[in-house]
>>> print(open('input_17.tsv').read())   # TSV, C-alpha atoms
chain	number	residue	atom	x	y	z
A	1057	MET	CA	-37.09	-68.50	-12.49
A	1058	SER	CA	-34.79	-69.15	-9.57
A	1059	THR	CA	-36.18	-69.23	-6.02
A	1060	SER	CA	-32.78	-68.97	-4.27
A	1061	SER	CA	-32.80	-66.93	-1.07
A	1062	ALA	CA	-29.80	-64.82	-2.17
A	1063	VAL	CA	-31.14	-62.09	-4.41
A	1064	PRO	CA	-28.94	-60.33	-7.00
A	1065	THR	CA	-27.62	-56.83	-6.50
A	1066	VAL	CA	-28.65	-53.86	-8.64
A	1067	ASP	CA	-25.19	-53.93	-10.25
A	1068	GLN	CA	-25.66	-57.59	-11.22
A	1069	VAL	CA	-29.04	-56.82	-12.77
A	1070	THR	CA	-27.52	-53.90	-14.66
A	1071	GLU	CA	-24.74	-56.16	-15.96
A	1072	ALA	CA	-27.40	-58.59	-17.19
A	1073	LEU	CA	-29.27	-55.75	-18.89
A	1074	ALA	CA	-26.05	-54.77	-20.66
A	1075	THR	CA	-26.37	-58.01	-22.66
A	1076	VAL	CA	-29.70	-56.84	-24.12
A	1077	ASN	CA	-29.39	-54.95	-27.41
A	1078	ASP	CA	-31.96	-52.58	-28.80
A	1079	PRO	CA	-33.31	-54.56	-31.79
A	1080	GLU	CA	-33.11	-51.56	-34.13
A	1081	ILE	CA	-29.94	-49.77	-33.00
A	1082	LYS	CA	-28.10	-53.05	-32.20
A	1083	ARG	CA	-26.35	-51.62	-29.14
A	1084	PRO	CA	-26.85	-52.39	-25.41
A	1085	ILE	CA	-29.86	-50.67	-23.86
A	1086	THR	CA	-27.70	-49.65	-20.89
A	1087	GLU	CA	-25.30	-47.85	-23.22
A	1088	LEU	CA	-28.18	-46.04	-24.95
A	1089	GLY	CA	-29.65	-44.71	-21.72
A	1090	MET	CA	-32.78	-46.80	-22.09
A	1091	VAL	CA	-32.57	-48.29	-18.57
A	1092	ASP	CA	-34.17	-45.73	-16.28
A	1093	THR	CA	-34.38	-47.47	-12.91
A	1094	VAL	CA	-33.65	-50.91	-11.42
A	1095	GLU	CA	-35.05	-52.09	-8.09
A	1096	VAL	CA	-34.45	-55.48	-6.45
A	1097	ARG	CA	-36.84	-56.52	-3.68
A	1098	GLU	CA	-36.06	-58.87	-0.80
A	1099	ASP	CA	-38.39	-61.53	-2.22
A	1100	GLY	CA	-36.43	-61.65	-5.49
A	1101	VAL	CA	-38.82	-59.53	-7.54
A	1102	VAL	CA	-36.93	-57.21	-9.90
A	1103	ASP	CA	-38.56	-54.02	-11.19
A	1104	VAL	CA	-37.01	-52.53	-14.32
A	1105	ARG	CA	-38.12	-49.34	-16.01
A	1106	VAL	CA	-37.08	-49.22	-19.66
A	1107	LEU	CA	-37.43	-46.06	-21.74
A	1108	LEU	CA	-38.44	-46.60	-25.37
A	1109	THR	CA	-37.06	-44.18	-27.94
A	1110	VAL	CA	-40.56	-43.31	-29.15
A	1111	ALA	CA	-44.11	-44.05	-28.05
A	1112	GLY	CA	-45.56	-47.08	-29.80
A	1113	CYS	CA	-42.14	-48.55	-30.60
A	1114	PRO	CA	-42.88	-51.42	-33.02
A	1115	LEU	CA	-40.36	-53.72	-31.30
A	1116	LYS	CA	-41.32	-53.09	-27.69
A	1117	ASP	CA	-42.44	-56.72	-27.31
A	1118	THR	CA	-38.95	-57.86	-28.35
A	1119	ILE	CA	-37.35	-55.55	-25.78
A	1120	ASN	CA	-39.78	-56.77	-23.11
A	1121	ARG	CA	-38.99	-60.41	-23.90
A	1122	ASP	CA	-35.21	-59.96	-24.02
A	1123	VAL	CA	-35.07	-57.96	-20.77
A	1124	THR	CA	-37.21	-60.55	-19.00
A	1125	ALA	CA	-35.00	-63.40	-20.24
A	1126	ALA	CA	-31.74	-61.68	-19.27
A	1127	VAL	CA	-32.83	-60.77	-15.74
A	1128	SER	CA	-34.66	-64.04	-15.09
A	1129	ALA	CA	-31.42	-65.95	-15.73
A	1130	LEU	CA	-29.88	-64.46	-12.57
A	1131	ALA	CA	-29.86	-66.59	-9.43
A	1132	GLY	CA	-32.33	-65.44	-6.81
A	1133	VAL	CA	-34.78	-63.74	-9.19
A	1134	SER	CA	-38.37	-64.82	-8.51
A	1135	ASP	CA	-40.12	-62.46	-10.94
A	1136	VAL	CA	-39.36	-59.65	-13.39
A	1137	ARG	CA	-41.66	-56.70	-13.72
A	1138	ILE	CA	-41.02	-54.32	-16.59
A	1139	ASP	CA	-42.42	-50.82	-16.89
A	1140	LEU	CA	-42.06	-49.39	-20.39
A	1141	GLY	CA	-41.77	-45.63	-20.51
A	1142	VAL	CA	-40.81	-43.17	-23.25
A	1143	MET	CA	-37.75	-40.95	-23.50
A	1144	THR	CA	-38.21	-37.23	-23.05
A	1145	ALA	CA	-37.31	-34.86	-25.87
A	1146	GLU	CA	-34.08	-34.04	-24.06
A	1147	GLN	CA	-33.17	-37.72	-23.65
A	1148	ARG	CA	-33.90	-38.41	-27.34
A	1149	SER	CA	-31.73	-35.44	-28.29
A	1150	GLY	CA	-28.90	-36.90	-26.21
A	1151	LEU	CA	-29.32	-40.30	-27.86
A	1152	HIS	CA	-29.38	-38.65	-31.26
A	1153	GLU	CA	-26.11	-36.85	-30.49
A	1154	GLN	CA	-24.56	-40.10	-29.22
A	1155	LEU	CA	-25.50	-42.04	-32.35
A	1156	ARG	CA	-24.28	-39.25	-34.61
A	1157	GLY	CA	-20.95	-39.39	-32.79
A	1158	GLY	CA	-20.53	-35.65	-33.14
A	1159	GLN	CA	-20.63	-35.87	-36.94
A	1160	ALA	CA	-22.27	-33.18	-39.03
A	1161	GLN	CA	-25.80	-33.59	-40.26
A	1162	ARG	CA	-26.35	-35.36	-43.60
A	1163	GLU	CA	-22.90	-36.89	-43.71
A	1164	ILE	CA	-22.77	-40.22	-45.52
A	1165	PRO	CA	-20.66	-42.54	-43.33
A	1166	PHE	CA	-19.77	-44.90	-46.17
A	1167	ALA	CA	-18.15	-42.05	-48.12
A	1168	GLN	CA	-15.85	-41.02	-45.28
A	1169	PRO	CA	-12.09	-41.72	-45.23
A	1170	GLY	CA	-11.40	-44.96	-43.40
A	1171	SER	CA	-14.84	-46.52	-43.88
A	1172	LEU	CA	-14.42	-50.30	-43.86
A	1173	THR	CA	-17.92	-51.06	-45.13
A	1174	LYS	CA	-17.97	-52.76	-48.52
A	1175	VAL	CA	-20.61	-51.07	-50.67
A	1176	PHE	CA	-22.02	-53.04	-53.58
A	1177	ALA	CA	-24.47	-51.39	-55.98
A	1178	ILE	CA	-26.58	-53.98	-57.81
A	1179	ALA	CA	-27.37	-52.58	-61.24
A	1180	SER	CA	-29.06	-53.67	-64.45
A	1181	GLY	CA	-29.64	-52.19	-67.87
A	1182	LYS	CA	-33.34	-53.04	-67.94
A	1183	GLY	CA	-36.08	-54.12	-65.58
A	1184	GLY	CA	-37.38	-57.65	-65.19
A	1185	VAL	CA	-34.01	-59.38	-64.89
A	1186	GLY	CA	-34.43	-60.24	-61.20
A	1187	LYS	CA	-32.07	-57.60	-59.81
A	1188	SER	CA	-34.02	-57.16	-56.55
A	1189	SER	CA	-34.20	-60.93	-55.97
A	1190	VAL	CA	-30.45	-61.14	-56.46
A	1191	THR	CA	-29.87	-58.24	-54.04
A	1192	VAL	CA	-32.05	-59.68	-51.28
A	1193	ASN	CA	-30.65	-63.19	-51.50
A	1194	LEU	CA	-27.03	-62.03	-51.65
A	1195	ALA	CA	-27.66	-59.92	-48.53
A	1196	LEU	CA	-29.11	-62.88	-46.63
A	1197	SER	CA	-26.31	-65.17	-47.75
A	1198	LEU	CA	-23.67	-62.68	-46.57
A	1199	ALA	CA	-25.52	-62.30	-43.26
A	1200	LYS	CA	-25.63	-66.07	-42.77
A	1201	ALA	CA	-21.84	-66.05	-43.21
A	1202	GLY	CA	-21.59	-63.83	-40.14
A	1203	ARG	CA	-21.45	-60.36	-41.67
A	1204	LYS	CA	-23.49	-57.33	-40.62
A	1205	VAL	CA	-25.46	-56.40	-43.72
A	1206	GLY	CA	-27.73	-53.54	-44.72
A	1207	ILE	CA	-29.83	-52.94	-47.83
A	1208	VAL	CA	-30.84	-49.61	-49.34
A	1209	ASP	CA	-33.76	-50.12	-51.70
A	1210	ALA	CA	-32.76	-47.32	-54.05
A	1211	ASP	CA	-35.19	-48.45	-56.75
A	1212	ILE	CA	-37.41	-45.48	-55.93
A	1213	TYR	CA	-40.19	-46.30	-58.39
A	1214	GLY	CA	-40.11	-50.09	-58.17
A	1215	HIS	CA	-39.28	-50.64	-54.50
A	1216	SER	CA	-39.92	-54.36	-53.94
A	1217	VAL	CA	-37.18	-55.27	-51.45
A	1218	PRO	CA	-39.32	-54.88	-48.27
A	1219	ALA	CA	-41.95	-57.30	-49.58
A	1220	MET	CA	-39.28	-59.83	-50.52
A	1221	LEU	CA	-37.93	-59.66	-46.96
A	1222	GLY	CA	-41.38	-59.98	-45.40
A	1223	VAL	CA	-41.42	-56.44	-43.94
A	1224	ALA	CA	-43.56	-54.65	-46.55
A	1225	ASP	CA	-45.83	-53.10	-43.92
A	1226	ALA	CA	-43.07	-52.16	-41.47
A	1227	ARG	CA	-42.28	-48.55	-40.69
A	1228	PRO	CA	-38.91	-47.30	-39.40
A	1229	THR	CA	-38.57	-45.71	-35.99
A	1230	GLN	CA	-37.40	-42.09	-36.00
A	1231	VAL	CA	-35.37	-40.47	-33.23
A	1232	ASP	CA	-35.60	-36.74	-33.98
A	1233	ASP	CA	-34.28	-36.59	-37.56
A	1234	LEU	CA	-32.37	-39.88	-37.30
A	1235	ILE	CA	-34.07	-42.92	-38.85
A	1236	MET	CA	-33.58	-46.49	-37.68
A	1237	PRO	CA	-33.42	-49.09	-40.49
A	1238	VAL	CA	-36.02	-51.84	-40.22
A	1239	PRO	CA	-34.53	-55.08	-38.85
A	1240	THR	CA	-35.56	-58.43	-40.33
A	1241	SER	CA	-35.63	-61.94	-38.88
A	1242	SER	CA	-32.54	-62.78	-40.95
A	1243	GLY	CA	-30.47	-60.05	-39.29
A	1244	VAL	CA	-30.36	-57.84	-42.38
A	1245	SER	CA	-31.37	-54.20	-41.87
A	1246	VAL	CA	-33.26	-52.45	-44.66
A	1247	ILE	CA	-34.57	-49.04	-45.62
A	1248	SER	CA	-36.75	-48.27	-48.60
A	1249	ILE	CA	-38.64	-45.28	-49.88
A	1250	GLY	CA	-41.69	-47.53	-49.62
A	1251	MET	CA	-41.27	-47.49	-45.83
A	1252	LEU	CA	-41.25	-43.70	-45.76
A	1253	LYS	CA	-44.50	-43.24	-47.69
A	1254	PRO	CA	-47.74	-42.58	-45.76
A	1255	ARG	CA	-49.43	-45.43	-47.63
A	1256	ARG	CA	-48.03	-48.55	-49.25
A	1257	ASP	CA	-50.05	-47.98	-52.44
A	1258	GLN	CA	-48.99	-44.35	-52.85
A	1259	VAL	CA	-47.22	-43.62	-56.14
A	1260	VAL	CA	-43.80	-41.96	-56.14
A	1261	ALA	CA	-43.75	-39.34	-58.92
A	1262	TRP	CA	-40.45	-37.53	-58.45
A	1263	ARG	CA	-37.85	-36.05	-60.77
A	1264	GLY	CA	-34.10	-35.57	-60.45
A	1265	PRO	CA	-33.59	-33.29	-57.40
A	1266	MET	CA	-36.16	-35.17	-55.31
A	1267	LEU	CA	-34.60	-38.52	-56.23
A	1268	ASP	CA	-31.17	-37.27	-55.18
A	1269	ARG	CA	-32.52	-36.04	-51.83
A	1270	ALA	CA	-34.23	-39.38	-51.23
A	1271	LEU	CA	-30.99	-41.29	-51.84
A	1272	VAL	CA	-29.02	-38.98	-49.53
A	1273	GLN	CA	-31.68	-39.35	-46.83
A	1274	MET	CA	-31.49	-43.15	-46.94
A	1275	LEU	CA	-27.69	-43.05	-46.74
A	1276	ALA	CA	-27.06	-40.14	-44.35
A	1277	ASP	CA	-30.16	-39.85	-42.15
A	1278	VAL	CA	-30.35	-43.56	-41.34
A	1279	TYR	CA	-28.38	-44.97	-38.42
A	1280	TRP	CA	-26.70	-48.02	-39.95
A	1281	GLY	CA	-24.16	-48.70	-37.21
A	1282	ASP	CA	-21.02	-50.66	-38.07
A	1283	LEU	CA	-21.90	-52.56	-41.24
A	1284	ASP	CA	-19.58	-55.01	-42.96
A	1285	VAL	CA	-21.54	-54.83	-46.21
A	1286	LEU	CA	-24.10	-52.41	-47.66
A	1287	LEU	CA	-26.01	-53.39	-50.79
A	1288	LEU	CA	-27.95	-50.89	-52.89
A	1289	ASP	CA	-30.70	-52.12	-55.18
A	1290	LEU	CA	-30.52	-49.56	-57.99
A	1291	PRO	CA	-33.27	-48.71	-60.47
A	1292	PRO	CA	-32.69	-50.22	-63.93
A	1293	GLY	CA	-30.94	-48.10	-66.51
A	1294	THR	CA	-28.59	-45.13	-66.41
A	1295	GLY	CA	-30.77	-42.42	-64.88
A	1296	ASP	CA	-30.68	-39.95	-62.00
A	1297	ILE	CA	-30.07	-42.44	-59.17
A	1298	ALA	CA	-27.06	-44.00	-60.91
A	1299	ILE	CA	-25.57	-40.52	-61.39
A	1300	SER	CA	-26.31	-39.51	-57.78
A	1301	LEU	CA	-24.75	-42.71	-56.47
A	1302	GLY	CA	-21.56	-42.00	-58.38
A	1303	GLN	CA	-21.43	-38.51	-56.90
A	1304	HIS	CA	-22.19	-39.49	-53.29
A	1305	LEU	CA	-20.50	-42.91	-53.14
A	1306	PRO	CA	-17.68	-42.94	-55.66
A	1307	GLY	CA	-16.07	-45.86	-53.85
A	1308	ALA	CA	-19.06	-48.15	-54.36
A	1309	GLU	CA	-18.42	-51.29	-56.40
A	1310	VAL	CA	-20.97	-52.32	-59.01
A	1311	VAL	CA	-22.42	-55.73	-59.79
A	1312	VAL	CA	-24.28	-55.91	-63.11
A	1313	VAL	CA	-27.23	-58.30	-63.39
A	1314	THR	CA	-28.36	-59.54	-66.79
A	1315	THR	CA	-30.22	-62.43	-68.37
A	1316	PRO	CA	-28.83	-64.60	-71.18
A	1317	GLN	CA	-30.64	-63.07	-74.18
A	1318	GLU	CA	-28.91	-60.65	-76.51
A	1319	ALA	CA	-31.27	-57.72	-75.85
A	1320	ALA	CA	-30.70	-57.83	-72.08
A	1321	ALA	CA	-26.94	-58.20	-72.46
A	1322	GLU	CA	-26.65	-55.15	-74.67
A	1323	VAL	CA	-28.38	-52.82	-72.21
A	1324	ALA	CA	-26.52	-54.40	-69.26
A	1325	GLU	CA	-23.27	-53.28	-70.88
A	1326	ARG	CA	-24.57	-49.70	-70.77
A	1327	ALA	CA	-25.24	-49.97	-67.04
A	1328	GLY	CA	-21.67	-51.14	-66.47
A	1329	THR	CA	-20.28	-48.39	-68.67
A	1330	MET	CA	-22.28	-45.82	-66.74
A	1331	ALA	CA	-20.68	-46.99	-63.49
A	1332	SER	CA	-17.22	-46.62	-65.03
A	1333	MET	CA	-18.08	-43.10	-66.22
A	1334	MET	CA	-18.84	-42.28	-62.56
A	1335	HIS	CA	-15.38	-43.69	-61.62
A	1336	GLN	CA	-16.84	-46.76	-59.91
A	1337	ARG	CA	-15.36	-50.22	-60.36
A	1338	VAL	CA	-17.49	-52.98	-61.85
A	1339	VAL	CA	-16.57	-56.09	-59.87
A	1340	GLY	CA	-18.58	-58.67	-61.74
A	1341	VAL	CA	-21.58	-59.81	-63.73
A	1342	VAL	CA	-24.40	-62.08	-62.60
A	1343	GLU	CA	-26.43	-63.98	-65.19
A	1344	ASN	CA	-29.93	-64.58	-63.81
A	1345	MET	CA	-32.57	-66.92	-65.30
A	1346	SER	CA	-29.63	-68.64	-66.93
A	1347	TYR	CA	-31.32	-71.97	-67.65
A	1348	LEU	CA	-34.11	-74.27	-66.52
A	1349	PRO	CA	-32.98	-77.62	-65.12
A	1350	CYS	CA	-35.10	-80.22	-66.94
A	1351	PRO	CA	-37.24	-81.82	-64.20
A	1352	HIS	CA	-37.66	-85.10	-66.10
A	1353	CYS	CA	-33.95	-85.56	-66.67
A	1354	ALA	CA	-33.22	-84.64	-63.06
A	1355	GLU	CA	-35.38	-87.56	-61.93
A	1356	GLU	CA	-33.15	-89.82	-63.99
A	1357	GLY	CA	-29.98	-88.29	-62.59
A	1358	LYS	CA	-29.12	-86.42	-65.79
A	1359	ASP	CA	-28.06	-82.76	-66.04
A	1360	HIS	CA	-30.13	-81.47	-68.95
A	1361	ARG	CA	-30.58	-77.69	-69.10
A	1362	LEU	CA	-33.25	-75.88	-71.07
A	1363	GLU	CA	-31.90	-72.50	-72.21
A	1364	VAL	CA	-35.26	-70.71	-72.18
A	1365	PHE	CA	-33.78	-67.25	-72.77
A	1366	GLY	CA	-30.84	-68.29	-74.92
A	1367	SER	CA	-27.26	-68.39	-73.71
A	1368	GLY	CA	-24.05	-66.42	-73.47
A	1369	GLY	CA	-25.41	-63.07	-72.31
A	1370	GLY	CA	-23.49	-62.98	-69.05
A	1371	ASP	CA	-20.24	-64.05	-70.71
A	1372	ARG	CA	-20.67	-61.39	-73.38
A	1373	VAL	CA	-21.25	-58.61	-70.84
A	1374	ALA	CA	-18.25	-59.69	-68.76
A	1375	GLU	CA	-16.00	-59.93	-71.82
A	1376	THR	CA	-17.14	-56.60	-73.26
A	1377	LEU	CA	-16.73	-54.70	-70.00
A	1378	SER	CA	-13.32	-56.27	-69.36
A	1379	GLY	CA	-12.11	-55.10	-72.76
A	1380	ARG	CA	-13.67	-51.68	-72.36
A	1381	PHE	CA	-12.23	-50.97	-68.90
A	1382	GLY	CA	-8.87	-52.65	-69.18
A	1383	TYR	CA	-9.31	-54.82	-66.09
A	1384	ASP	CA	-10.96	-58.18	-65.41
A	1385	VAL	CA	-14.73	-58.09	-64.92
A	1386	PRO	CA	-15.58	-61.72	-64.09
A	1387	LEU	CA	-18.82	-63.59	-64.54
A	1388	LEU	CA	-19.61	-64.19	-60.85
A	1389	GLY	CA	-22.17	-66.92	-61.48
A	1390	ARG	CA	-25.22	-68.21	-63.30
A	1391	ILE	CA	-28.52	-68.45	-61.43
A	1392	PRO	CA	-30.99	-70.96	-62.88
A	1393	LEU	CA	-34.71	-70.47	-63.24
A	1394	ASP	CA	-36.04	-71.85	-59.98
A	1395	LEU	CA	-39.67	-72.04	-58.90
A	1396	SER	CA	-38.75	-71.71	-55.23
A	1397	LEU	CA	-36.80	-68.52	-55.99
A	1398	ARG	CA	-39.98	-66.88	-57.28
A	1399	GLU	CA	-42.13	-68.35	-54.52
A	1400	GLY	CA	-39.72	-67.18	-51.83
A	1401	GLY	CA	-39.78	-63.62	-53.15
A	1402	ASP	CA	-43.57	-63.53	-53.25
A	1403	ALA	CA	-43.89	-64.97	-49.74
A	1404	GLY	CA	-41.22	-62.78	-48.15
A	1405	LYS	CA	-39.03	-65.82	-47.52
A	1406	PRO	CA	-35.92	-65.60	-49.75
A	1407	ILE	CA	-34.68	-68.87	-51.19
A	1408	VAL	CA	-31.28	-68.91	-49.45
A	1409	ASP	CA	-33.19	-69.15	-46.15
A	1410	ALA	CA	-36.33	-71.02	-47.19
A	1411	ASP	CA	-34.75	-73.64	-49.48
A	1412	PRO	CA	-30.93	-73.48	-49.17
A	1413	THR	CA	-30.33	-76.69	-51.14
A	1414	ALA	CA	-32.28	-75.52	-54.20
A	1415	PRO	CA	-30.15	-74.90	-57.32
A	1416	GLY	CA	-30.91	-71.18	-57.23
A	1417	ALA	CA	-29.87	-70.89	-53.58
A	1418	VAL	CA	-26.64	-72.80	-54.21
A	1419	ALA	CA	-25.72	-70.46	-57.08
A	1420	LEU	CA	-26.54	-67.35	-55.04
A	1421	ASN	CA	-24.48	-68.56	-52.08
A	1422	GLU	CA	-21.51	-69.16	-54.36
A	1423	ILE	CA	-21.81	-65.61	-55.77
A	1424	ALA	CA	-22.07	-64.16	-52.25
A	1425	GLU	CA	-18.97	-66.09	-51.23
A	1426	ARG	CA	-17.02	-64.62	-54.14
A	1427	LEU	CA	-18.16	-61.10	-53.27
A	1428	GLY	CA	-17.59	-61.55	-49.55
A	1429	GLY	CA	-14.10	-62.83	-50.11
A	1430	ARG	CA	-13.00	-59.70	-51.93
A	1431	GLY	CA	-10.69	-57.44	-49.98
A	1432	ARG	CA	-11.61	-53.81	-49.42
A	1433	GLY	CA	-9.38	-52.20	-52.03
A	1434	LEU	CA	-8.03	-48.64	-52.02
A	1435	ALA	CA	-9.63	-47.80	-55.38
A	1436	GLY	CA	-11.98	-44.89	-54.87
A	1437	MET	CA	-11.16	-44.68	-51.17
A	1438	GLN	CA	-10.13	-41.36	-49.65
A	1439	LEU	CA	-6.98	-41.83	-47.63
A	1440	GLY	CA	-7.26	-38.58	-45.67
A	1441	LEU	CA	-3.62	-37.64	-46.34
A	1442	THR	CA	-2.43	-34.03	-46.15
A	1443	PRO	CA	0.44	-32.83	-48.39
A	1444	SER	CA	3.52	-31.55	-46.62
A	1445	ASN	CA	6.34	-29.30	-47.80
A	1446	ARG	CA	8.87	-31.21	-45.74
A	1447	PHE	CA	11.02	-33.80	-47.48
>>> encode(input="input_17.tsv", output="structure tokens")
Amino acid sequence: MSTSSAVPTVDQVTEALATVNDPEIKRPITELGMVDTVEVREDGVVDVRVLLTVAGCPLKDTINRDVTAAVSALAGVSDVRIDLGVMTAEQRSGLHEQLRGGQAQREIPFAQPGSLTKVFAIASGKGGVGKSSVTVNLALSLAKAGRKVGIVDADIYGHSVPAMLGVADARPTQVDDLIMPVPTSSGVSVISIGMLKPRRDQVVAWRGPMLDRALVQMLADVYWGDLDVLLLDLPPGTGDIAISLGQHLPGAEVVVVTTPQEAAAEVAERAGTMASMMHQRVVGVVENMSYLPCPHCAEEGKDHRLEVFGSGGGDRVAETLSGRFGYDVPLLGRIPLDLSLREGGDAGKPIVDADPTAPGAVALNEIAERLGGRGRGLAGMQLGLTPSNRF
């Protein structure tokens, strides 16, 4: 810390605090009304009172650290003393209103006219094809490319995304009835039904109406901010969640994940057809567990692939769906069987971060690049135009 005799003004300290973002809301704490008081003493000691949104905020240490760093960087500051308080009910209500932006309750922002967020639903015909691993790694790859990314773990029964991101035990902060998505070290925000359960081991035993309400809650009652990309990890098959998604987010684009064998490809085609029935566009197919690079041949510099689960499944799904829909559904990429891909998922350290040069990570990054490079089309997008009788 500086020991200069000229101490900063309160306005200068406030300007420094404006560079500190709330780690969950991702907006300056000054803008959110979280800075209660600032006092600068003659000896250079700065006292800052910061109001947390809720008592026991899980990221209060991050706020404490960031505030200290921002104020300490000012010339003339000898010490920073932070007092963490809690917003009153009235202050939380004001914050809630500010974040809602005057919008009605339970309004899904990604379904509104003019939304620029790309929404990709990651679907599969059956379980066990690695759909969640693909979702998580694509999200991290898009985030590393500079995009603001969120994940909705819509696989209500098999919610595994939080564990794969290393936040399995995290709980979201709630401001009145507005929920903050859980931030991760990679910059991706996530919400999952697993985070909303009282206990991690509690079983979700819901039927249609409850599943629909859960999906709406994760889309409408969560403050996502300005996302570039939202990915939804759907349950396998063509059930209630797939139908609800089509009703609530008709503009979502669908990526179908399959494995090479015939049985998986056949049911993957059904998942793609279901999306089309809900008037959603299928933008591509991903073939996971495509092959196993022979480790012995690799040592000799040879490219020998062991097709453990057969071959051609991804090509077949892409070709069938293209013919069925009348537009091109490309094979976005083939992801090899990769030990570090499985290890990264188990450890909460996805492969695109933990081992970016691994074959699986390279394939996933290439798929993410293809998805990220797609323009936001007008298909399924409400234009908000009003008919007129004047010609």
>>> residues_around(input="input_17.tsv", residues="range 1279-1290 of chain A", least_positions_apart="6", cutoff="9 Å", atoms="all atoms listed in the file", output="JSON, numbers by chain")
{"A": [1081, 1082, 1083, 1155, 1156, 1165, 1166, 1172, 1173, 1174, 1175, 1176, 1177, 1178, 1179, 1180, 1187, 1188, 1191, 1192, 1194, 1195, 1198, 1199, 1203, 1204, 1205, 1206, 1207, 1208, 1209, 1210, 1211, 1212, 1215, 1217, 1234, 1235, 1236, 1237, 1245, 1297, 1298, 1428]}
>>> closest_residue(input="input_17.tsv", among="A:Ala1327, A:Gly1368, A:Arg1148, A:Gly1307", to="Gly1295 in chain A", atoms="all atoms listed in the file")
A:Ala1327
>>> residues_around(input="input_17.tsv", residues="range 1401-1408 of chain A", least_positions_apart="6", cutoff="12 Å", atoms="all atoms listed in the file", output="PDB file with C-alpha atoms, in the coordinates of the input")
ATOM      1  CA  GLY A1186     -34.430 -60.240 -61.200  1.00  0.00           C
ATOM      2  CA  LYS A1187     -32.070 -57.600 -59.810  1.00  0.00           C
ATOM      3  CA  SER A1188     -34.020 -57.160 -56.550  1.00  0.00           C
ATOM      4  CA  SER A1189     -34.200 -60.930 -55.970  1.00  0.00           C
ATOM      5  CA  VAL A1190     -30.450 -61.140 -56.460  1.00  0.00           C
ATOM      6  CA  THR A1191     -29.870 -58.240 -54.040  1.00  0.00           C
ATOM      7  CA  VAL A1192     -32.050 -59.680 -51.280  1.00  0.00           C
ATOM      8  CA  ASN A1193     -30.650 -63.190 -51.500  1.00  0.00           C
ATOM      9  CA  LEU A1194     -27.030 -62.030 -51.650  1.00  0.00           C
ATOM     10  CA  ALA A1195     -27.660 -59.920 -48.530  1.00  0.00           C
ATOM     11  CA  LEU A1196     -29.110 -62.880 -46.630  1.00  0.00           C
ATOM     12  CA  SER A1197     -26.310 -65.170 -47.750  1.00  0.00           C
ATOM     13  CA  LEU A1198     -23.670 -62.680 -46.570  1.00  0.00           C
ATOM     14  CA  ALA A1199     -25.520 -62.300 -43.260  1.00  0.00           C
ATOM     15  CA  LYS A1200     -25.630 -66.070 -42.770  1.00  0.00           C
ATOM     16  CA  ALA A1201     -21.840 -66.050 -43.210  1.00  0.00           C
ATOM     17  CA  SER A1216     -39.920 -54.360 -53.940  1.00  0.00           C
ATOM     18  CA  VAL A1217     -37.180 -55.270 -51.450  1.00  0.00           C
ATOM     19  CA  PRO A1218     -39.320 -54.880 -48.270  1.00  0.00           C
ATOM     20  CA  ALA A1219     -41.950 -57.300 -49.580  1.00  0.00           C
ATOM     21  CA  MET A1220     -39.280 -59.830 -50.520  1.00  0.00           C
ATOM     22  CA  LEU A1221     -37.930 -59.660 -46.960  1.00  0.00           C
ATOM     23  CA  GLY A1222     -41.380 -59.980 -45.400  1.00  0.00           C
ATOM     24  CA  VAL A1223     -41.420 -56.440 -43.940  1.00  0.00           C
ATOM     25  CA  ALA A1224     -43.560 -54.650 -46.550  1.00  0.00           C
ATOM     26  CA  ASP A1225     -45.830 -53.100 -43.920  1.00  0.00           C
ATOM     27  CA  THR A1240     -35.560 -58.430 -40.330  1.00  0.00           C
ATOM     28  CA  SER A1241     -35.630 -61.940 -38.880  1.00  0.00           C
ATOM     29  CA  SER A1242     -32.540 -62.780 -40.950  1.00  0.00           C
ATOM     30  CA  ILE A1391     -28.520 -68.450 -61.430  1.00  0.00           C
ATOM     31  CA  ASP A1394     -36.040 -71.850 -59.980  1.00  0.00           C
ATOM     32  CA  LEU A1395     -39.670 -72.040 -58.900  1.00  0.00           C
ATOM     33  CA  ALA A1414     -32.280 -75.520 -54.200  1.00  0.00           C
ATOM     34  CA  PRO A1415     -30.150 -74.900 -57.320  1.00  0.00           C
ATOM     35  CA  GLY A1416     -30.910 -71.180 -57.230  1.00  0.00           C
ATOM     36  CA  ALA A1417     -29.870 -70.890 -53.580  1.00  0.00           C
ATOM     37  CA  VAL A1418     -26.640 -72.800 -54.210  1.00  0.00           C
ATOM     38  CA  ALA A1419     -25.720 -70.460 -57.080  1.00  0.00           C
ATOM     39  CA  LEU A1420     -26.540 -67.350 -55.040  1.00  0.00           C
ATOM     40  CA  ASN A1421     -24.480 -68.560 -52.080  1.00  0.00           C
ATOM     41  CA  GLU A1422     -21.510 -69.160 -54.360  1.00  0.00           C
ATOM     42  CA  ILE A1423     -21.810 -65.610 -55.770  1.00  0.00           C
ATOM     43  CA  ALA A1424     -22.070 -64.160 -52.250  1.00  0.00           C
TER      44      ALA A1424
END
>>> atom_distance(input="input_17.tsv", atom1="CA of Arg1097 in chain A", atom2="CA of Val1127 in chain A")
13.4 Å
>>> residues_around(input="input_17.tsv", residues="Thr1315 in chain A", least_positions_apart="4", cutoff="7 Å", atoms="only C-alpha atoms", output="number ranges by chain")
A: 1185, 1320-1321, 1343-1346, 1369-1370
>>> write_last_selection(input="input_17.tsv", atoms="C-alpha atoms", output="short mmCIF file (atom, residue, chain, number, x, y, z; two decimals), keeping the file's coordinate frame")
data_model
loop_
_atom_site.label_atom_id
_atom_site.label_comp_id
_atom_site.auth_asym_id
_atom_site.auth_seq_id
_atom_site.Cartn_x
_atom_site.Cartn_y
_atom_site.Cartn_z
CA VAL A 1185 -34.01 -59.38 -64.89
CA ALA A 1320 -30.70 -57.83 -72.08
CA ALA A 1321 -26.94 -58.20 -72.46
CA GLU A 1343 -26.43 -63.98 -65.19
CA ASN A 1344 -29.93 -64.58 -63.81
CA MET A 1345 -32.57 -66.92 -65.30
CA SER A 1346 -29.63 -68.64 -66.93
CA GLY A 1369 -25.41 -63.07 -72.31
CA GLY A 1370 -23.49 -62.98 -69.05
#
